[in-house]
>>> print(open('coords_5.cif').read())   # mmCIF, N, CA and C atoms
data_input
loop_
_atom_site.label_atom_id
_atom_site.label_comp_id
_atom_site.auth_asym_id
_atom_site.auth_seq_id
_atom_site.Cartn_x
_atom_site.Cartn_y
_atom_site.Cartn_z
N MET A 206 -7.75 -15.84 22.21
CA MET A 206 -6.47 -16.49 22.16
C MET A 206 -5.45 -15.62 22.88
N PRO A 207 -4.69 -16.18 23.85
CA PRO A 207 -3.72 -15.37 24.57
C PRO A 207 -2.59 -14.93 23.63
N ARG A 208 -2.17 -13.75 23.84
CA ARG A 208 -1.13 -13.17 22.99
C ARG A 208 0.24 -13.52 23.56
N ARG A 209 1.07 -14.14 22.72
CA ARG A 209 2.42 -14.49 23.13
C ARG A 209 3.37 -13.38 22.71
N VAL A 210 4.35 -13.13 23.53
CA VAL A 210 5.33 -12.11 23.21
C VAL A 210 6.58 -12.80 22.68
N SER A 211 7.09 -12.30 21.59
CA SER A 211 8.26 -12.89 20.96
C SER A 211 9.50 -12.64 21.79
N THR A 212 10.39 -13.62 21.82
CA THR A 212 11.67 -13.44 22.49
C THR A 212 12.76 -13.10 21.49
N THR A 213 12.43 -13.09 20.21
CA THR A 213 13.39 -12.75 19.18
C THR A 213 13.58 -11.24 19.17
N PRO A 214 14.84 -10.79 19.21
CA PRO A 214 15.05 -9.33 19.21
C PRO A 214 14.61 -8.73 17.88
N PRO A 215 14.04 -7.53 17.94
CA PRO A 215 13.62 -6.88 16.70
C PRO A 215 14.83 -6.50 15.85
N PRO A 216 14.64 -6.42 14.54
CA PRO A 216 15.75 -6.01 13.68
C PRO A 216 16.14 -4.57 14.00
N SER A 217 17.38 -4.27 13.73
CA SER A 217 17.86 -2.91 13.96
C SER A 217 17.32 -2.00 12.87
N PRO A 218 17.36 -0.67 13.13
CA PRO A 218 16.93 0.26 12.07
C PRO A 218 17.68 0.07 10.76
N ALA A 219 18.94 -0.36 10.84
CA ALA A 219 19.70 -0.61 9.60
C ALA A 219 19.10 -1.75 8.80
N ASP A 220 18.50 -2.72 9.50
CA ASP A 220 17.86 -3.85 8.82
C ASP A 220 16.57 -3.43 8.13
N THR A 221 15.84 -2.52 8.72
CA THR A 221 14.55 -2.13 8.16
C THR A 221 14.65 -0.94 7.20
N GLN A 222 15.77 -0.22 7.22
CA GLN A 222 15.88 0.98 6.37
C GLN A 222 15.71 0.69 4.89
N PRO A 223 16.28 -0.40 4.34
CA PRO A 223 16.04 -0.67 2.92
C PRO A 223 14.56 -0.89 2.60
N VAL A 224 13.84 -1.53 3.50
CA VAL A 224 12.41 -1.74 3.30
C VAL A 224 11.68 -0.40 3.36
N ILE A 225 12.03 0.44 4.33
CA ILE A 225 11.41 1.77 4.45
C ILE A 225 11.68 2.59 3.20
N ASP A 226 12.91 2.55 2.70
CA ASP A 226 13.26 3.31 1.49
C ASP A 226 12.42 2.83 0.30
N ARG A 227 12.27 1.50 0.18
CA ARG A 227 11.45 0.96 -0.92
C ARG A 227 10.00 1.40 -0.78
N LEU A 228 9.49 1.40 0.45
CA LEU A 228 8.11 1.84 0.68
C LEU A 228 7.94 3.32 0.35
N ARG A 229 8.92 4.12 0.69
CA ARG A 229 8.83 5.56 0.36
C ARG A 229 8.79 5.77 -1.16
N GLY A 230 9.55 4.96 -1.90
CA GLY A 230 9.51 5.03 -3.36
C GLY A 230 8.14 4.62 -3.89
N GLU A 231 7.58 3.56 -3.32
CA GLU A 231 6.25 3.11 -3.72
C GLU A 231 5.20 4.16 -3.36
N LEU A 232 5.36 4.78 -2.21
CA LEU A 232 4.43 5.84 -1.79
C LEU A 232 4.47 7.01 -2.77
N LYS A 233 5.66 7.37 -3.20
CA LYS A 233 5.80 8.46 -4.18
C LYS A 233 5.10 8.09 -5.49
N ARG A 234 5.33 6.86 -5.95
CA ARG A 234 4.71 6.41 -7.21
C ARG A 234 3.19 6.43 -7.10
N LEU A 235 2.66 5.95 -5.98
CA LEU A 235 1.21 5.92 -5.80
C LEU A 235 0.64 7.32 -5.64
N SER A 236 1.37 8.21 -5.00
CA SER A 236 0.90 9.59 -4.85
C SER A 236 0.82 10.28 -6.21
N GLU A 237 1.79 9.99 -7.07
CA GLU A 237 1.75 10.55 -8.43
C GLU A 237 0.57 9.98 -9.21
N ARG A 238 0.30 8.67 -9.03
CA ARG A 238 -0.86 8.06 -9.68
C ARG A 238 -2.15 8.71 -9.18
N LEU A 239 -2.24 8.93 -7.88
CA LEU A 239 -3.43 9.55 -7.30
C LEU A 239 -3.66 10.94 -7.89
N THR A 240 -2.60 11.70 -8.05
CA THR A 240 -2.70 13.04 -8.64
C THR A 240 -3.25 12.95 -10.07
N ARG A 241 -2.74 11.98 -10.85
CA ARG A 241 -3.22 11.82 -12.23
C ARG A 241 -4.70 11.39 -12.25
N ILE A 242 -5.08 10.49 -11.35
CA ILE A 242 -6.46 10.02 -11.30
C ILE A 242 -7.39 11.18 -10.95
N GLU A 243 -7.02 11.95 -9.94
CA GLU A 243 -7.86 13.08 -9.53
C GLU A 243 -7.94 14.13 -10.63
N ALA A 244 -6.85 14.35 -11.34
CA ALA A 244 -6.86 15.30 -12.45
C ALA A 244 -7.78 14.80 -13.56
N HIS A 245 -7.74 13.52 -13.82
CA HIS A 245 -8.60 12.93 -14.86
C HIS A 245 -10.08 13.11 -14.49
N GLN A 246 -10.39 12.89 -13.22
CA GLN A 246 -11.78 12.98 -12.80
C GLN A 246 -12.31 14.41 -12.80
N THR A 247 -11.45 15.36 -12.57
CA THR A 247 -11.91 16.75 -12.50
C THR A 247 -11.76 17.50 -13.82
N ASN A 248 -11.31 16.81 -14.86
CA ASN A 248 -11.12 17.45 -16.15
C ASN A 248 -12.44 17.53 -16.90
N ALA A 249 -13.24 18.52 -16.55
CA ALA A 249 -14.55 18.70 -17.18
C ALA A 249 -14.44 19.28 -18.58
N ASN A 250 -13.30 19.84 -18.93
CA ASN A 250 -13.12 20.47 -20.24
C ASN A 250 -12.63 19.48 -21.30
N ARG A 251 -12.61 18.21 -20.95
CA ARG A 251 -12.15 17.19 -21.88
C ARG A 251 -13.06 17.14 -23.10
N GLU A 252 -12.46 17.01 -24.25
CA GLU A 252 -13.25 16.88 -25.47
C GLU A 252 -13.86 15.49 -25.53
N VAL A 253 -15.15 15.44 -25.77
CA VAL A 253 -15.87 14.17 -25.84
C VAL A 253 -15.97 13.77 -27.31
N SER A 254 -15.57 12.57 -27.60
CA SER A 254 -15.58 12.07 -28.97
C SER A 254 -17.01 11.93 -29.48
N ARG A 255 -17.18 12.19 -30.74
CA ARG A 255 -18.50 12.03 -31.37
C ARG A 255 -18.66 10.61 -31.94
N ASP A 256 -17.56 9.93 -32.14
CA ASP A 256 -17.60 8.56 -32.66
C ASP A 256 -18.03 7.63 -31.52
N TRP A 257 -19.05 6.80 -31.76
CA TRP A 257 -19.60 5.98 -30.68
C TRP A 257 -18.61 4.96 -30.15
N GLN A 258 -17.73 4.42 -31.01
CA GLN A 258 -16.73 3.46 -30.53
C GLN A 258 -15.68 4.15 -29.65
N ASP A 259 -15.24 5.31 -30.09
CA ASP A 259 -14.28 6.07 -29.28
C ASP A 259 -14.91 6.50 -27.96
N ARG A 260 -16.15 6.91 -28.03
CA ARG A 260 -16.85 7.33 -26.80
C ARG A 260 -17.01 6.15 -25.84
N ALA A 261 -17.29 4.96 -26.37
CA ALA A 261 -17.40 3.77 -25.52
C ALA A 261 -16.07 3.48 -24.83
N ASN A 262 -14.97 3.66 -25.56
CA ASN A 262 -13.65 3.48 -24.96
C ASN A 262 -13.39 4.52 -23.87
N GLU A 263 -13.79 5.75 -24.11
CA GLU A 263 -13.62 6.81 -23.12
C GLU A 263 -14.40 6.50 -21.84
N ILE A 264 -15.63 6.03 -22.01
CA ILE A 264 -16.45 5.67 -20.85
C ILE A 264 -15.81 4.52 -20.09
N GLN A 265 -15.32 3.54 -20.81
CA GLN A 265 -14.67 2.40 -20.15
C GLN A 265 -13.41 2.87 -19.40
N ASN A 266 -12.64 3.75 -20.01
CA ASN A 266 -11.46 4.30 -19.34
C ASN A 266 -11.86 5.06 -18.08
N ASP A 267 -12.93 5.84 -18.15
CA ASP A 267 -13.41 6.57 -16.98
C ASP A 267 -13.78 5.61 -15.85
N GLU A 268 -14.40 4.49 -16.20
CA GLU A 268 -14.79 3.50 -15.19
C GLU A 268 -13.56 2.87 -14.54
N VAL A 269 -12.54 2.61 -15.33
CA VAL A 269 -11.31 2.03 -14.78
C VAL A 269 -10.65 3.03 -13.83
N VAL A 270 -10.57 4.28 -14.25
CA VAL A 270 -9.97 5.32 -13.41
C VAL A 270 -10.76 5.47 -12.12
N GLU A 271 -12.07 5.43 -12.22
CA GLU A 271 -12.93 5.53 -11.03
C GLU A 271 -12.66 4.38 -10.06
N ALA A 272 -12.44 3.18 -10.58
CA ALA A 272 -12.16 2.02 -9.72
C ALA A 272 -10.77 2.12 -9.10
N LEU A 273 -9.83 2.74 -9.79
CA LEU A 273 -8.47 2.88 -9.27
C LEU A 273 -8.37 3.85 -8.11
N LEU A 274 -9.27 4.82 -8.05
CA LEU A 274 -9.18 5.85 -7.01
C LEU A 274 -9.21 5.28 -5.60
N PRO A 275 -10.24 4.52 -5.19
CA PRO A 275 -10.24 4.01 -3.81
C PRO A 275 -9.13 2.98 -3.57
N MET A 276 -8.79 2.20 -4.59
CA MET A 276 -7.71 1.22 -4.43
C MET A 276 -6.38 1.93 -4.16
N THR A 277 -6.12 3.00 -4.90
CA THR A 277 -4.87 3.74 -4.73
C THR A 277 -4.83 4.40 -3.37
N ARG A 278 -5.93 5.02 -2.96
CA ARG A 278 -5.97 5.65 -1.63
C ARG A 278 -5.75 4.61 -0.53
N ASN A 279 -6.32 3.43 -0.69
CA ASN A 279 -6.16 2.36 0.29
C ASN A 279 -4.70 1.90 0.36
N GLU A 280 -4.07 1.72 -0.80
CA GLU A 280 -2.67 1.31 -0.83
C GLU A 280 -1.78 2.35 -0.17
N ILE A 281 -2.05 3.63 -0.44
CA ILE A 281 -1.27 4.71 0.17
C ILE A 281 -1.40 4.66 1.69
N GLU A 282 -2.60 4.47 2.18
CA GLU A 282 -2.81 4.42 3.63
C GLU A 282 -2.08 3.23 4.25
N HIS A 283 -2.14 2.06 3.61
CA HIS A 283 -1.44 0.87 4.12
C HIS A 283 0.07 1.10 4.17
N ILE A 284 0.61 1.72 3.14
CA ILE A 284 2.05 1.96 3.09
C ILE A 284 2.46 2.99 4.12
N ARG A 285 1.67 4.04 4.30
CA ARG A 285 1.99 5.03 5.33
C ARG A 285 2.03 4.38 6.71
N ARG A 286 1.03 3.54 6.99
CA ARG A 286 1.01 2.85 8.29
C ARG A 286 2.20 1.92 8.44
N ALA A 287 2.58 1.24 7.35
CA ALA A 287 3.73 0.34 7.40
C ALA A 287 5.01 1.09 7.71
N ILE A 288 5.18 2.25 7.09
CA ILE A 288 6.38 3.06 7.35
C ILE A 288 6.44 3.47 8.81
N VAL A 289 5.32 3.94 9.34
CA VAL A 289 5.27 4.35 10.75
C VAL A 289 5.63 3.18 11.66
N ARG A 290 5.03 2.00 11.38
CA ARG A 290 5.30 0.83 12.22
C ARG A 290 6.75 0.39 12.11
N LEU A 291 7.30 0.41 10.90
CA LEU A 291 8.70 0.00 10.72
C LEU A 291 9.64 0.98 11.42
N GLU A 292 9.36 2.27 11.32
CA GLU A 292 10.23 3.26 11.96
C GLU A 292 10.17 3.17 13.48
N SER A 293 9.03 2.77 14.00
CA SER A 293 8.88 2.67 15.46
C SER A 293 9.27 1.30 15.99
N GLY A 294 9.51 0.33 15.10
CA GLY A 294 9.82 -1.03 15.53
C GLY A 294 8.57 -1.84 15.83
N GLU A 295 7.41 -1.23 15.72
CA GLU A 295 6.13 -1.86 16.03
C GLU A 295 5.75 -2.94 15.03
N ALA A 296 6.26 -2.86 13.82
CA ALA A 296 5.87 -3.78 12.75
C ALA A 296 6.41 -5.18 12.97
N ILE A 297 7.26 -5.35 13.93
CA ILE A 297 7.95 -6.61 14.10
C ILE A 297 7.04 -7.67 14.72
N ALA A 298 6.12 -7.30 15.58
CA ALA A 298 5.27 -8.27 16.26
C ALA A 298 3.96 -8.49 15.51
N CYS A 299 3.58 -9.75 15.36
CA CYS A 299 2.30 -10.12 14.75
C CYS A 299 1.18 -9.63 15.67
N GLU A 300 0.18 -8.98 15.11
CA GLU A 300 -0.93 -8.47 15.91
C GLU A 300 -1.79 -9.59 16.49
N SER A 301 -1.73 -10.77 15.89
CA SER A 301 -2.55 -11.89 16.37
C SER A 301 -1.86 -12.70 17.46
N CYS A 302 -0.61 -13.12 17.19
CA CYS A 302 0.06 -14.04 18.11
C CYS A 302 1.21 -13.42 18.88
N GLY A 303 1.69 -12.25 18.44
CA GLY A 303 2.78 -11.59 19.13
C GLY A 303 4.16 -12.06 18.72
N ARG A 304 4.24 -13.10 17.87
CA ARG A 304 5.54 -13.59 17.41
C ARG A 304 6.16 -12.59 16.43
N THR A 305 7.46 -12.65 16.32
CA THR A 305 8.17 -11.76 15.40
C THR A 305 7.81 -12.10 13.96
N ILE A 306 7.52 -11.09 13.18
CA ILE A 306 7.27 -11.27 11.76
C ILE A 306 8.64 -11.34 11.09
N PRO A 307 8.94 -12.43 10.40
CA PRO A 307 10.27 -12.57 9.79
C PRO A 307 10.57 -11.46 8.79
N GLU A 308 11.85 -11.08 8.74
CA GLU A 308 12.27 -10.01 7.83
C GLU A 308 11.91 -10.32 6.38
N GLY A 309 12.00 -11.59 6.00
CA GLY A 309 11.65 -11.98 4.64
C GLY A 309 10.21 -11.64 4.29
N ARG A 310 9.31 -11.89 5.24
CA ARG A 310 7.90 -11.56 5.02
C ARG A 310 7.72 -10.05 4.94
N LEU A 311 8.40 -9.31 5.82
CA LEU A 311 8.30 -7.85 5.79
C LEU A 311 8.86 -7.28 4.49
N ALA A 312 9.88 -7.93 3.95
CA ALA A 312 10.46 -7.45 2.70
C ALA A 312 9.49 -7.64 1.54
N ILE A 313 8.71 -8.73 1.60
CA ILE A 313 7.76 -9.02 0.53
C ILE A 313 6.45 -8.27 0.72
N VAL A 314 5.94 -8.27 1.96
CA VAL A 314 4.66 -7.63 2.28
C VAL A 314 4.88 -6.71 3.48
N PRO A 315 5.54 -5.56 3.27
CA PRO A 315 5.90 -4.70 4.40
C PRO A 315 4.70 -4.16 5.17
N GLU A 316 3.56 -4.08 4.54
CA GLU A 316 2.38 -3.54 5.22
C GLU A 316 1.65 -4.58 6.06
N THR A 317 2.19 -5.82 6.08
CA THR A 317 1.53 -6.88 6.83
C THR A 317 1.50 -6.58 8.33
N ARG A 318 0.45 -7.03 8.97
CA ARG A 318 0.33 -6.88 10.42
C ARG A 318 0.33 -8.26 11.08
N HIS A 319 0.48 -9.32 10.26
CA HIS A 319 0.39 -10.68 10.78
C HIS A 319 1.52 -11.54 10.21
N CYS A 320 1.96 -12.52 10.99
CA CYS A 320 2.93 -13.48 10.50
C CYS A 320 2.22 -14.38 9.46
N ALA A 321 3.00 -15.15 8.75
CA ALA A 321 2.42 -15.99 7.70
C ALA A 321 1.42 -17.00 8.26
N ALA A 322 1.71 -17.56 9.43
CA ALA A 322 0.81 -18.56 10.02
C ALA A 322 -0.55 -17.96 10.37
N CYS A 323 -0.54 -16.76 10.93
CA CYS A 323 -1.81 -16.12 11.32
C CYS A 323 -2.56 -15.56 10.11
N ALA A 324 -1.81 -15.19 9.08
CA ALA A 324 -2.44 -14.62 7.89
C ALA A 324 -3.13 -15.70 7.07
N ALA A 325 -2.71 -16.95 7.24
CA ALA A 325 -3.26 -18.05 6.44
C ALA A 325 -4.67 -18.40 6.84
#
>>> encode(input="coords_5.cif", output="structure tokens")
Amino acid sequence: MPRRVSTTPPPSPADTQPVIDRLRGELKRLSERLTRIEAHQTNANREVSRDWQDRANEIQNDEVVEALLPMTRNEIEHIRRAIVRLESGEAIACESCGRTIPEGRLAIVPETRHCAACAA
């Protein structure tokens, strides 16, 4: 499919700065979560419950934490890329069609690389 270039001017840095600030806050929150997850996984000195019900809960919690690790790392990577693209103005063009990604979509899904039509 031929790539069309948008004729809509990209938003100014002042337009994208609130989104970048929100993403930086989210990045901080996720980085703190990642630190807690990694600390939980490396805590070999944790006391293991002798009660089988408590131990089952501990195992289930460990499984949840294990599942959160790759998801959190993935979210962090997406947000870092979104910040870079927004700061460079690159985030404005849809990677599929080249049309401008509306500010409303970027505000809701700042890490998006596609306009709503192409993402559907």
>>> closest_residue(input="coords_5.cif", among="A:Leu239, A:Lys233, A:Ala324, A:Asp226", to="Arg278 (chain A)", atoms="all atoms listed in the file")
A:Leu239
>>> resolve_selection(input="coords_5.cif", expression="the PyMOL selection byres ((chain A and resi 234-238) around 8)", output="list in words")
Leu228, Arg229, Gly230, Glu231, Leu232, Lys233, Leu239, Thr240, Arg241, Ile242, Glu243, Ala244, Leu273, Leu274, Thr277, Arg278, Glu280 and Ile281 of chain A
>>> atom_distance(input="coords_5.cif", atom1="atom N of Val224 (chain A)", atom2="atom C of Ala312 (chain A)")
7.8 Å
>>> closest_residue(input="coords_5.cif", among="A:Pro223, A:Pro315, A:Ser254, A:Glu308", to="Ile284 (chain A)", atoms="only N, CA and C atoms")
A:Pro315
>>> closest_residue(input="coords_5.cif", among="A:Arg304, A:Arg227, A:His245, A:His283", to="Asp267 (chain A)", atoms="only C-alpha atoms")
A:His245
>>> closest_residue(input="coords_5.cif", among="A:Gln222, A:Asn266, A:Val253, A:Cys320", to="Ile297 (chain A)", atoms="only N, CA and C atoms")
A:Cys320
>>> atom_distance(input="coords_5.cif", atom1="atom C of Glu282 (chain A)", atom2="CA of Thr317 (chain A)")
11.0 Å
>>> select_by_dssp(input="coords_5.cif", residues="region 213-323 of chain A", states="helix (DSSP H, G or I)", output="compact mmCIF listing (two decimals) with N, CA and C atoms, keeping the file's coordinate frame")
# COMPACT_ATOMS: atom_id res chain seq x y z
N PRO A 218 17.36 -0.67 13.13
CA PRO A 218 16.93 0.26 12.07
C PRO A 218 17.68 0.07 10.76
N ALA A 219 18.94 -0.36 10.84
CA ALA A 219 19.70 -0.61 9.60
C ALA A 219 19.10 -1.75 8.80
N ASP A 220 18.50 -2.72 9.50
CA ASP A 220 17.86 -3.85 8.82
C ASP A 220 16.57 -3.43 8.13
N THR A 221 15.84 -2.52 8.72
CA THR A 221 14.55 -2.13 8.16
C THR A 221 14.65 -0.94 7.20
N GLN A 222 15.77 -0.22 7.22
CA GLN A 222 15.88 0.98 6.37
C GLN A 222 15.71 0.69 4.89
N PRO A 223 16.28 -0.40 4.34
CA PRO A 223 16.04 -0.67 2.92
C PRO A 223 14.56 -0.89 2.60
N VAL A 224 13.84 -1.53 3.50
CA VAL A 224 12.41 -1.74 3.30
C VAL A 224 11.68 -0.40 3.36
N ILE A 225 12.03 0.44 4.33
CA ILE A 225 11.41 1.77 4.45
C ILE A 225 11.68 2.59 3.20
N ASP A 226 12.91 2.55 2.70
CA ASP A 226 13.26 3.31 1.49
C ASP A 226 12.42 2.83 0.30
N ARG A 227 12.27 1.50 0.18
CA ARG A 227 11.45 0.96 -0.92
C ARG A 227 10.00 1.40 -0.78
N LEU A 228 9.49 1.40 0.45
CA LEU A 228 8.11 1.84 0.68
C LEU A 228 7.94 3.32 0.35
N ARG A 229 8.92 4.12 0.69
CA ARG A 229 8.83 5.56 0.36
C ARG A 229 8.79 5.77 -1.16
N GLY A 230 9.55 4.96 -1.90
CA GLY A 230 9.51 5.03 -3.36
C GLY A 230 8.14 4.62 -3.89
N GLU A 231 7.58 3.56 -3.32
CA GLU A 231 6.25 3.11 -3.72
C GLU A 231 5.20 4.16 -3.36
N LEU A 232 5.36 4.78 -2.21
CA LEU A 232 4.43 5.84 -1.79
C LEU A 232 4.47 7.01 -2.77
N LYS A 233 5.66 7.37 -3.20
CA LYS A 233 5.80 8.46 -4.18
C LYS A 233 5.10 8.09 -5.49
N ARG A 234 5.33 6.86 -5.95
CA ARG A 234 4.71 6.41 -7.21
C ARG A 234 3.19 6.43 -7.10
N LEU A 235 2.66 5.95 -5.98
CA LEU A 235 1.21 5.92 -5.80
C LEU A 235 0.64 7.32 -5.64
N SER A 236 1.37 8.21 -5.00
CA SER A 236 0.90 9.59 -4.85
C SER A 236 0.82 10.28 -6.21
N GLU A 237 1.79 9.99 -7.07
CA GLU A 237 1.75 10.55 -8.43
C GLU A 237 0.57 9.98 -9.21
N ARG A 238 0.30 8.67 -9.03
CA ARG A 238 -0.86 8.06 -9.68
C ARG A 238 -2.15 8.71 -9.18
N LEU A 239 -2.24 8.93 -7.88
CA LEU A 239 -3.43 9.55 -7.30
C LEU A 239 -3.66 10.94 -7.89
N THR A 240 -2.60 11.70 -8.05
CA THR A 240 -2.70 13.04 -8.64
C THR A 240 -3.25 12.95 -10.07
N ARG A 241 -2.74 11.98 -10.85
CA ARG A 241 -3.22 11.82 -12.23
C ARG A 241 -4.70 11.39 -12.25
N ILE A 242 -5.08 10.49 -11.35
CA ILE A 242 -6.46 10.02 -11.30
C ILE A 242 -7.39 11.18 -10.95
N GLU A 243 -7.02 11.95 -9.94
CA GLU A 243 -7.86 13.08 -9.53
C GLU A 243 -7.94 14.13 -10.63
N ALA A 244 -6.85 14.35 -11.34
CA ALA A 244 -6.86 15.30 -12.45
C ALA A 244 -7.78 14.80 -13.56
N HIS A 245 -7.74 13.52 -13.82
CA HIS A 245 -8.60 12.93 -14.86
C HIS A 245 -10.08 13.11 -14.49
N GLN A 246 -10.39 12.89 -13.22
CA GLN A 246 -11.78 12.98 -12.80
C GLN A 246 -12.31 14.41 -12.80
N THR A 247 -11.45 15.36 -12.57
CA THR A 247 -11.91 16.75 -12.50
C THR A 247 -11.76 17.50 -13.82
N TRP A 257 -19.05 6.80 -31.76
CA TRP A 257 -19.60 5.98 -30.68
C TRP A 257 -18.61 4.96 -30.15
N GLN A 258 -17.73 4.42 -31.01
CA GLN A 258 -16.73 3.46 -30.53
C GLN A 258 -15.68 4.15 -29.65
N ASP A 259 -15.24 5.31 -30.09
CA ASP A 259 -14.28 6.07 -29.28
C ASP A 259 -14.91 6.50 -27.96
N ARG A 260 -16.15 6.91 -28.03
CA ARG A 260 -16.85 7.33 -26.80
C ARG A 260 -17.01 6.15 -25.84
N ALA A 261 -17.29 4.96 -26.37
CA ALA A 261 -17.40 3.77 -25.52
C ALA A 261 -16.07 3.48 -24.83
N ASN A 262 -14.97 3.66 -25.56
CA ASN A 262 -13.65 3.48 -24.96
C ASN A 262 -13.39 4.52 -23.87
N GLU A 263 -13.79 5.75 -24.11
CA GLU A 263 -13.62 6.81 -23.12
C GLU A 263 -14.40 6.50 -21.84
N ILE A 264 -15.63 6.03 -22.01
CA ILE A 264 -16.45 5.67 -20.85
C ILE A 264 -15.81 4.52 -20.09
N GLN A 265 -15.32 3.54 -20.81
CA GLN A 265 -14.67 2.40 -20.15
C GLN A 265 -13.41 2.87 -19.40
N ASN A 266 -12.64 3.75 -20.01
CA ASN A 266 -11.46 4.30 -19.34
C ASN A 266 -11.86 5.06 -18.08
N ASP A 267 -12.93 5.84 -18.15
CA ASP A 267 -13.41 6.57 -16.98
C ASP A 267 -13.78 5.61 -15.85
N GLU A 268 -14.40 4.49 -16.20
CA GLU A 268 -14.79 3.50 -15.19
C GLU A 268 -13.56 2.87 -14.54
N VAL A 269 -12.54 2.61 -15.33
CA VAL A 269 -11.31 2.03 -14.78
C VAL A 269 -10.65 3.03 -13.83
N VAL A 270 -10.57 4.28 -14.25
CA VAL A 270 -9.97 5.32 -13.41
C VAL A 270 -10.76 5.47 -12.12
N GLU A 271 -12.07 5.43 -12.22
CA GLU A 271 -12.93 5.53 -11.03
C GLU A 271 -12.66 4.38 -10.06
N ALA A 272 -12.44 3.18 -10.58
CA ALA A 272 -12.16 2.02 -9.72
C ALA A 272 -10.77 2.12 -9.10
N LEU A 273 -9.83 2.74 -9.79
CA LEU A 273 -8.47 2.88 -9.27
C LEU A 273 -8.37 3.85 -8.11
N LEU A 274 -9.27 4.82 -8.05
CA LEU A 274 -9.18 5.85 -7.01
C LEU A 274 -9.21 5.28 -5.60
N PRO A 275 -10.24 4.52 -5.19
CA PRO A 275 -10.24 4.01 -3.81
C PRO A 275 -9.13 2.98 -3.57
N MET A 276 -8.79 2.20 -4.59
CA MET A 276 -7.71 1.22 -4.43
C MET A 276 -6.38 1.93 -4.16
N THR A 277 -6.12 3.00 -4.90
CA THR A 277 -4.87 3.74 -4.73
C THR A 277 -4.83 4.40 -3.37
N ARG A 278 -5.93 5.02 -2.96
CA ARG A 278 -5.97 5.65 -1.63
C ARG A 278 -5.75 4.61 -0.53
N ASN A 279 -6.32 3.43 -0.69
CA ASN A 279 -6.16 2.36 0.29
C ASN A 279 -4.70 1.90 0.36
N GLU A 280 -4.07 1.72 -0.80
CA GLU A 280 -2.67 1.31 -0.83
C GLU A 280 -1.78 2.35 -0.17
N ILE A 281 -2.05 3.63 -0.44
CA ILE A 281 -1.27 4.71 0.17
C ILE A 281 -1.40 4.66 1.69
N GLU A 282 -2.60 4.47 2.18
CA GLU A 282 -2.81 4.42 3.63
C GLU A 282 -2.08 3.23 4.25
N HIS A 283 -2.14 2.06 3.61
CA HIS A 283 -1.44 0.87 4.12
C HIS A 283 0.07 1.10 4.17
N ILE A 284 0.61 1.72 3.14
CA ILE A 284 2.05 1.96 3.09
C ILE A 284 2.46 2.99 4.12
N ARG A 285 1.67 4.04 4.30
CA ARG A 285 1.99 5.03 5.33
C ARG A 285 2.03 4.38 6.71
N ARG A 286 1.03 3.54 6.99
CA ARG A 286 1.01 2.85 8.29
C ARG A 286 2.20 1.92 8.44
N ALA A 287 2.58 1.24 7.35
CA ALA A 287 3.73 0.34 7.40
C ALA A 287 5.01 1.09 7.71
N ILE A 288 5.18 2.25 7.09
CA ILE A 288 6.38 3.06 7.35
C ILE A 288 6.44 3.47 8.81
N VAL A 289 5.32 3.94 9.34
CA VAL A 289 5.27 4.35 10.75
C VAL A 289 5.63 3.18 11.66
N ARG A 290 5.03 2.00 11.38
CA ARG A 290 5.30 0.83 12.22
C ARG A 290 6.75 0.39 12.11
N LEU A 291 7.30 0.41 10.90
CA LEU A 291 8.70 0.00 10.72
C LEU A 291 9.64 0.98 11.42
N GLU A 292 9.36 2.27 11.32
CA GLU A 292 10.23 3.26 11.96
C GLU A 292 10.17 3.17 13.48
N SER A 293 9.03 2.77 14.00
CA SER A 293 8.88 2.67 15.46
C SER A 293 9.27 1.30 15.99
N GLU A 295 7.41 -1.23 15.72
CA GLU A 295 6.13 -1.86 16.03
C GLU A 295 5.75 -2.94 15.03
N ALA A 296 6.26 -2.86 13.82
CA ALA A 296 5.87 -3.78 12.75
C ALA A 296 6.41 -5.18 12.97
N ILE A 297 7.26 -5.35 13.93
CA ILE A 297 7.95 -6.61 14.10
C ILE A 297 7.04 -7.67 14.72
N GLU A 308 11.85 -11.08 8.74
CA GLU A 308 12.27 -10.01 7.83
C GLU A 308 11.91 -10.32 6.38
N GLY A 309 12.00 -11.59 6.00
CA GLY A 309 11.65 -11.98 4.64
C GLY A 309 10.21 -11.64 4.29
N ARG A 310 9.31 -11.89 5.24
CA ARG A 310 7.90 -11.56 5.02
C ARG A 310 7.72 -10.05 4.94
N LEU A 311 8.40 -9.31 5.82
CA LEU A 311 8.30 -7.85 5.79
C LEU A 311 8.86 -7.28 4.49
N ALA A 312 9.88 -7.93 3.95
CA ALA A 312 10.46 -7.45 2.70
C ALA A 312 9.49 -7.64 1.54
N ILE A 313 8.71 -8.73 1.60
CA ILE A 313 7.76 -9.02 0.53
C ILE A 313 6.45 -8.27 0.72
N ALA A 321 3.00 -15.15 8.75
CA ALA A 321 2.42 -15.99 7.70
C ALA A 321 1.42 -17.00 8.26
N ALA A 322 1.71 -17.56 9.43
CA ALA A 322 0.81 -18.56 10.02
C ALA A 322 -0.55 -17.96 10.37
N CYS A 323 -0.54 -16.76 10.93
CA CYS A 323 -1.81 -16.12 11.32
C CYS A 323 -2.56 -15.56 10.11
>>> atom_distance(input="coords_5.cif", atom1="CA of Arg318 (chain A)", atom2="CA of Ala298 (chain A)")
7.8 Å
>>> axis_aligned_box(input="coords_5.cif", around="region 223-236 of chain A", padding_each_side="3 Å", output="JSON")
{"center_x": 8.5, "center_y": 4.3, "center_z": -1.4, "size_x": 21.6, "size_y": 18.0, "size_z": 17.7}
